[in-house]
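Novice: I am attaching a structure below and will ask some questions about it afterwards.
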Amino acid sequence: MLKKKIIFLLGPTGVGKSAVAISLAKKINAQIISCDSMQVYRSMDILTSKVTFGQRKKVKHHLIGVINPEQEYNVAKYRQEALAICDKLFRKGKIPLFVGGSGLYYSMIVDGLFPAVPQDKLIRLKLEKQLKLKGNKYLYRLLTKVDSAAAAKIHPHDARRIIRALEVYLKTGTRISQLQKNRVGLGKEYAVKIFGLNSKRQSLYDAIDQRVDKMFNRGLINEVKRLIKHKLSRTAKCAIGIGELKGYFAGEYSLAEAKRLMQCNSRHYAKRQLTWFRKDKRIQWININKMETPSQLALKLWKKLS
RNA sequence: GCCGAGAUAGCUCAGUGGUAGAGCGCGGCCCUGAAAAGGCCGGCGUGGGGGGUCCGAUUCCCUCUCUCGGCA
């Protein structure tokens, strides 16, 4: 039986994945599935550097602008939706091309998520309250008692992960460290190709700085002004640019400073993405050295698909 | 030209007669239902040049250069 092809194109923010992906998709009759935790939101087009509608007409893009920014989103939802789209594409004889930079989302598609233990609002609230009252040391000690393996992996300051681990234990009576062993990723029926796009650090940072400049020229300020009239979900409001511009709107600092902060935070983000991807030895890296066009890069990738 | 202040990490600046720190930046790392989030680790240095005092100078003295104020 012929294996089902799935292709991933990963890389840090601003490296130029989108254009390459479109060019590649056209060559191989693929459709693009975004692998981006922020582009799933509507009304955040400039902010998250979505590809234009015109470009999206050339190649069908999935999971871009499908969620209301007032709603929360997470990996589990993403995985479910992305895999459903994958199946649909296979039935149509199309190749799914995942494109994005959200390392966790990528990893949960390829390597799987442990059996469903969704968030539990009540348990969460209780734990968050305890965190405020008694501090993270208290919660960490609690975790050490119920799941020492998880505690060993989590830093005592990392409140978010401590809470999640406790939540899983309190809800199911099973340790998260135990559950994490049961991951089901993409099976043998798939032929998976994973590419990473990267460039020299300085060029990447220059590109990021320029991209933020362009966002402002395209009307970022108005977009964010419109956006923050609504009560954004705690996931949506994490997009780089919202907090930075809010500070400016509140008169805490100048517009130039807001821009500087955005550039700085985007660079930090890109650096963390690279750390995440670097350890994944399945990724075939394509380094952009010269003035290669997206279609030239796509051709390079295409040749490696053979 | 005169007077004053200063010159220390990529930037802004502390500090000390026994070869130096902080914040930011920068680098590395962790990551399983918030992931553009959250957390951890790392000082990356010809102390402006030259001379002197001293066992020893980044620190004290002299001088030069430069920068910033003020007066001309």
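Each chain in the structure tokens gets a letter, A, B, ..., in the order shown, and its residues are numbered from 1; ligands are numbered from 1 in order too.
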What's the 12 Å shell around C24 of chain B, counting only C-alpha atoms (C1' of nucleotides), without same-chain residues fewer than 6 positions away, as a list in words?

Specialist: Leu261 and Cys264 of chain A; A9, G10, C11, U12 and C13 of chain B

Novice: Residues near Phe8 of chain A, anyone? I mean within 8 Å using only C-alpha atoms (C1' of nucleotides), not counting same-chain ones fewer than 4 positions away, as a list in words.

Specialist: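 After dropping sequence-adjacent residues, the list is Leu97, Phe98, Val99, Val192, Lys193, Ile194 and Phe195 of chain A.
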
Novice: Using only C-alpha atoms (C1' of nucleotides), which residues sit within 12 Å of Lys77 of chain A once same-chain residues fewer than 5 positions away are excluded, as a ChimeraX atom specification?

Specialist: /A:37,40,63,66-67,71-72,82-84,105,108-109,113,116,118-119 /B:33

Novice: With all heavy atoms retained, could you export that selection as a short mmCIF file (atom, residue, chain, number, x, y, z; two decimals), in the first residue's frame?

Specialist:
data_model
loop_
_atom_site.label_atom_id
_atom_site.label_comp_id
_atom_site.auth_asym_id
_atom_site.auth_seq_id
_atom_site.Cartn_x
_atom_site.Cartn_y
_atom_site.Cartn_z
N SER A 37 -0.13 28.93 16.56
CA SER A 37 -1.09 29.06 17.65
C SER A 37 -1.81 30.41 17.64
O SER A 37 -2.80 30.58 18.34
CB SER A 37 -0.38 28.90 18.98
OG SER A 37 0.53 29.95 19.17
N VAL A 40 -4.60 31.14 14.15
CA VAL A 40 -5.93 30.54 14.19
C VAL A 40 -7.00 31.60 14.47
O VAL A 40 -8.16 31.40 14.14
CB VAL A 40 -6.07 29.44 15.28
CG1 VAL A 40 -5.23 28.23 14.94
CG2 VAL A 40 -5.74 29.98 16.65
N LEU A 63 -6.97 26.31 8.97
CA LEU A 63 -6.71 26.71 10.36
C LEU A 63 -6.06 28.09 10.49
O LEU A 63 -5.25 28.33 11.39
CB LEU A 63 -5.88 25.65 11.09
CG LEU A 63 -6.62 24.33 11.30
CD1 LEU A 63 -5.74 23.31 12.01
CD2 LEU A 63 -7.91 24.54 12.08
N VAL A 66 -9.81 31.01 12.13
CA VAL A 66 -11.02 30.20 12.30
C VAL A 66 -11.62 30.33 13.71
O VAL A 66 -12.67 29.78 13.99
CB VAL A 66 -10.73 28.71 12.01
CG1 VAL A 66 -10.42 28.51 10.54
CG2 VAL A 66 -9.59 28.19 12.87
N ILE A 67 -10.94 31.05 14.58
CA ILE A 67 -11.41 31.17 15.97
C ILE A 67 -11.63 32.63 16.32
O ILE A 67 -10.86 33.50 15.93
CB ILE A 67 -10.35 30.59 16.95
CG1 ILE A 67 -10.00 29.14 16.61
CG2 ILE A 67 -10.82 30.71 18.41
CD1 ILE A 67 -11.09 28.16 16.88
N GLN A 71 -12.25 33.59 22.30
CA GLN A 71 -12.25 32.19 22.73
C GLN A 71 -10.84 31.68 22.98
O GLN A 71 -9.90 32.08 22.31
CB GLN A 71 -12.89 31.32 21.65
CG GLN A 71 -14.38 31.52 21.54
CD GLN A 71 -14.98 30.56 20.55
OE1 GLN A 71 -14.61 30.55 19.38
NE2 GLN A 71 -15.90 29.75 21.02
N GLU A 72 -10.76 30.76 23.93
CA GLU A 72 -9.48 30.11 24.19
C GLU A 72 -9.21 29.03 23.16
O GLU A 72 -10.13 28.49 22.56
CB GLU A 72 -9.49 29.48 25.58
CG GLU A 72 -9.21 30.48 26.67
CD GLU A 72 -8.89 29.81 27.99
OE1 GLU A 72 -8.23 28.73 27.99
OE2 GLU A 72 -9.28 30.37 29.01
N ALA A 82 -6.64 19.61 13.11
CA ALA A 82 -5.64 19.43 12.05
C ALA A 82 -5.67 18.01 11.49
O ALA A 82 -5.59 17.81 10.27
CB ALA A 82 -4.25 19.75 12.59
N LEU A 83 -5.82 17.04 12.36
CA LEU A 83 -5.84 15.66 11.89
C LEU A 83 -7.10 15.36 11.07
O LEU A 83 -7.06 14.61 10.10
CB LEU A 83 -5.71 14.69 13.06
CG LEU A 83 -4.32 14.69 13.73
CD1 LEU A 83 -4.27 13.71 14.89
CD2 LEU A 83 -3.21 14.38 12.73
N ALA A 84 -8.19 16.00 11.46
CA ALA A 84 -9.43 15.83 10.68
C ALA A 84 -9.24 16.39 9.27
O ALA A 84 -9.67 15.79 8.28
CB ALA A 84 -10.58 16.53 11.39
N TYR A 105 2.73 22.52 18.87
CA TYR A 105 1.67 22.06 17.98
C TYR A 105 2.23 21.03 16.98
O TYR A 105 1.63 20.00 16.73
CB TYR A 105 1.05 23.25 17.22
CG TYR A 105 0.10 24.10 18.04
CD1 TYR A 105 0.15 24.08 19.43
CD2 TYR A 105 -0.84 24.92 17.42
CE1 TYR A 105 -0.72 24.86 20.18
CE2 TYR A 105 -1.71 25.70 18.16
CZ TYR A 105 -1.64 25.68 19.55
OH TYR A 105 -2.51 26.45 20.28
N MET A 108 2.95 17.73 18.80
CA MET A 108 1.76 16.97 19.18
C MET A 108 1.11 16.29 17.97
O MET A 108 0.40 15.31 18.10
CB MET A 108 0.75 17.87 19.88
CG MET A 108 1.21 18.38 21.23
SD MET A 108 1.77 17.11 22.37
CE MET A 108 3.50 17.55 22.52
N ILE A 109 1.36 16.84 16.78
CA ILE A 109 0.86 16.17 15.58
C ILE A 109 1.73 14.95 15.27
O ILE A 109 1.25 13.85 15.07
CB ILE A 109 0.91 17.12 14.35
CG1 ILE A 109 -0.05 18.30 14.52
CG2 ILE A 109 0.59 16.36 13.06
CD1 ILE A 109 -1.51 17.95 14.41
N LEU A 113 -0.38 13.17 21.45
CA LEU A 113 -0.74 13.75 22.73
C LEU A 113 -1.13 12.59 23.63
O LEU A 113 -1.63 11.59 23.15
CB LEU A 113 -1.96 14.64 22.49
CG LEU A 113 -2.35 15.73 23.45
CD1 LEU A 113 -1.28 16.81 23.48
CD2 LEU A 113 -3.67 16.35 23.01
N ALA A 116 -6.63 11.85 26.41
CA ALA A 116 -7.30 13.09 26.77
C ALA A 116 -7.56 13.27 28.25
O ALA A 116 -8.26 12.50 28.88
CB ALA A 116 -8.62 13.17 26.01
N PRO A 118 -8.78 16.69 29.59
CA PRO A 118 -9.00 18.11 29.32
C PRO A 118 -8.86 18.93 30.59
O PRO A 118 -8.83 18.39 31.68
CB PRO A 118 -10.46 18.16 28.82
CG PRO A 118 -10.88 16.76 28.62
CD PRO A 118 -9.99 15.89 29.45
N GLN A 119 -8.80 20.23 30.40
CA GLN A 119 -8.76 21.13 31.55
C GLN A 119 -10.02 20.96 32.37
O GLN A 119 -11.07 20.65 31.86
CB GLN A 119 -8.75 22.58 31.05
CG GLN A 119 -7.40 23.06 30.61
CD GLN A 119 -7.49 24.51 30.19
OE1 GLN A 119 -8.30 25.27 30.71
NE2 GLN A 119 -6.65 24.89 29.24
P G B 33 -0.17 20.04 28.82
OP1 G B 33 0.42 21.24 29.41
OP2 G B 33 -0.57 18.91 29.67
"O5'" G B 33 -1.43 20.48 27.97
"C5'" G B 33 -1.31 21.55 27.03
"C4'" G B 33 -2.66 22.15 26.85
"O4'" G B 33 -3.53 21.16 26.24
"C3'" G B 33 -3.34 22.53 28.16
"O3'" G B 33 -4.18 23.62 27.90
"C2'" G B 33 -4.19 21.31 28.50
"O2'" G B 33 -5.33 21.63 29.26
"C1'" G B 33 -4.61 20.86 27.10
N9 G B 33 -4.89 19.44 26.97
C8 G B 33 -4.09 18.37 27.30
N7 G B 33 -4.65 17.22 27.02
C5 G B 33 -5.89 17.57 26.49
C6 G B 33 -6.95 16.77 26.00
O6 G B 33 -6.99 15.54 25.94
N1 G B 33 -8.02 17.52 25.55
C2 G B 33 -8.06 18.89 25.57
N2 G B 33 -9.16 19.45 25.11
N3 G B 33 -7.09 19.67 26.02
C4 G B 33 -6.05 18.94 26.46
#

Novice: May I ask you to extract the residues of chain B within 6 Å of chain A, using only C-alpha atoms (C1' of nucleotides), and to give them as a PyMOL selection string?

Specialist: chain B and resi 33-34+36+39

Novice: Using C-alpha atoms (C1' of nucleotides), can you export the residues from the last selection as a PDB file, in the first residue's frame?

Specialist:
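File produced: selection-v7.pdb:
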ATOM      1  C1'   G B  33      -4.607  20.861  27.103  1.00  0.00           C
ATOM      2  C1'   A B  34      -2.221  29.142  27.929  1.00  0.00           C
ATOM      3  C1'   A B  36       3.786  34.348  20.101  1.00  0.00           C
ATOM      4  C1'   G B  39      10.350  28.396  33.389  1.00  0.00           C
TER       5        G B  39
END

Novice: Give me, as a list in words, all polymer residues having an atom no more than 10 Å from U8 of chain B, counting only C-alpha atoms (C1' of nucleotides) and skipping those fewer than 5 positions away in the same chain.

Specialist: C13, A14, A20, G45, G47 and U58 of chain B

Novice: Would you list the contacts of Tyr140 of chain A as a VMD selection string, taking every protein, DNA or RNA residue within 7 Å and counting only C-alpha atoms (C1' of nucleotides), but skipping same-chain residues closer than 3 positions in sequence?

Specialist: chain A and resid 136 to 137 143 to 144 156 162

Novice: Could you pull out all residues of segment 122-227 of chain A with a DSSP call of strand (DSSP E) and give them as an MDAnalysis selection string?

Specialist: chainID A and resid 190:199

Novice: Take the residues that were just selected and, keeping C-alpha atoms, output them as a short mmCIF file (atom, residue, chain, number, x, y, z; two decimals), in the first residue's frame.

Specialist:
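That gives us selection_32.cif:
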data_model
loop_
_atom_site.label_atom_id
_atom_site.label_comp_id
_atom_site.auth_asym_id
_atom_site.auth_seq_id
_atom_site.Cartn_x
_atom_site.Cartn_y
_atom_site.Cartn_z
CA TYR A 190 2.46 7.82 6.78
CA ALA A 191 5.54 8.98 4.94
CA VAL A 192 6.59 12.06 6.85
CA LYS A 193 9.03 14.67 5.60
CA ILE A 194 10.08 17.44 7.92
CA PHE A 195 11.90 20.52 6.73
CA GLY A 196 13.21 23.45 8.70
CA LEU A 197 13.92 26.82 7.19
CA ASN A 198 16.60 28.92 8.81
CA SER A 199 18.97 31.75 8.07
#

Novice: Write out as a PyMOL selection string all residues of segment 1-78 of chain A that DSSP puts in helix (DSSP H, G or I) for this structure's backbone.

Specialist: chain A and resi 17-28+53-58+75-78

Novice: Excluding same-chain residues fewer than 3 positions from G52 of chain B, what lies within 12 Å of it counting only C-alpha atoms (C1' of nucleotides), as a ChimeraX atom specification?

Specialist: /B:57,60-63

Novice: How many Å lie between atom CA of Lys26 of chain A and atom CA of Phe90 of chain A, rounded to one decimal?

Specialist: 16.4 Å

Novice: Just the residues within 8 Å of segment 225-228 of chain A, please, counting only C-alpha atoms (C1' of nucleotides), with nothing from its chain fewer than 3 positions along; format it as a short mmCIF file (atom, residue, chain, number, x, y, z; two decimals) with C-alpha atoms, in the first residue's frame.

Specialist:
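Produced file result_8.cif, reproduced below:
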data_model
loop_
_atom_site.label_atom_id
_atom_site.label_comp_id
_atom_site.auth_asym_id
_atom_site.auth_seq_id
_atom_site.Cartn_x
_atom_site.Cartn_y
_atom_site.Cartn_z
CA SER A 43 -9.13 39.82 13.26
CA MET A 44 -5.43 39.43 13.97
CA ILE A 221 -2.35 50.26 15.42
CA ASN A 222 -5.91 50.35 14.16
CA LYS A 231 -12.40 40.89 25.91
CA LEU A 232 -9.68 38.75 24.43
CA ILE A 242 -1.05 43.44 22.03
#

Novice: What's the separation between atom CA of Ala21 of chain A and atom CA of Ile95 of chain A, in Å to one decimal place?

Specialist: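 Answer for the atom CA of Ala21 of chain A to atom CA of Ile95 of chain A separation: 12.3 Å.
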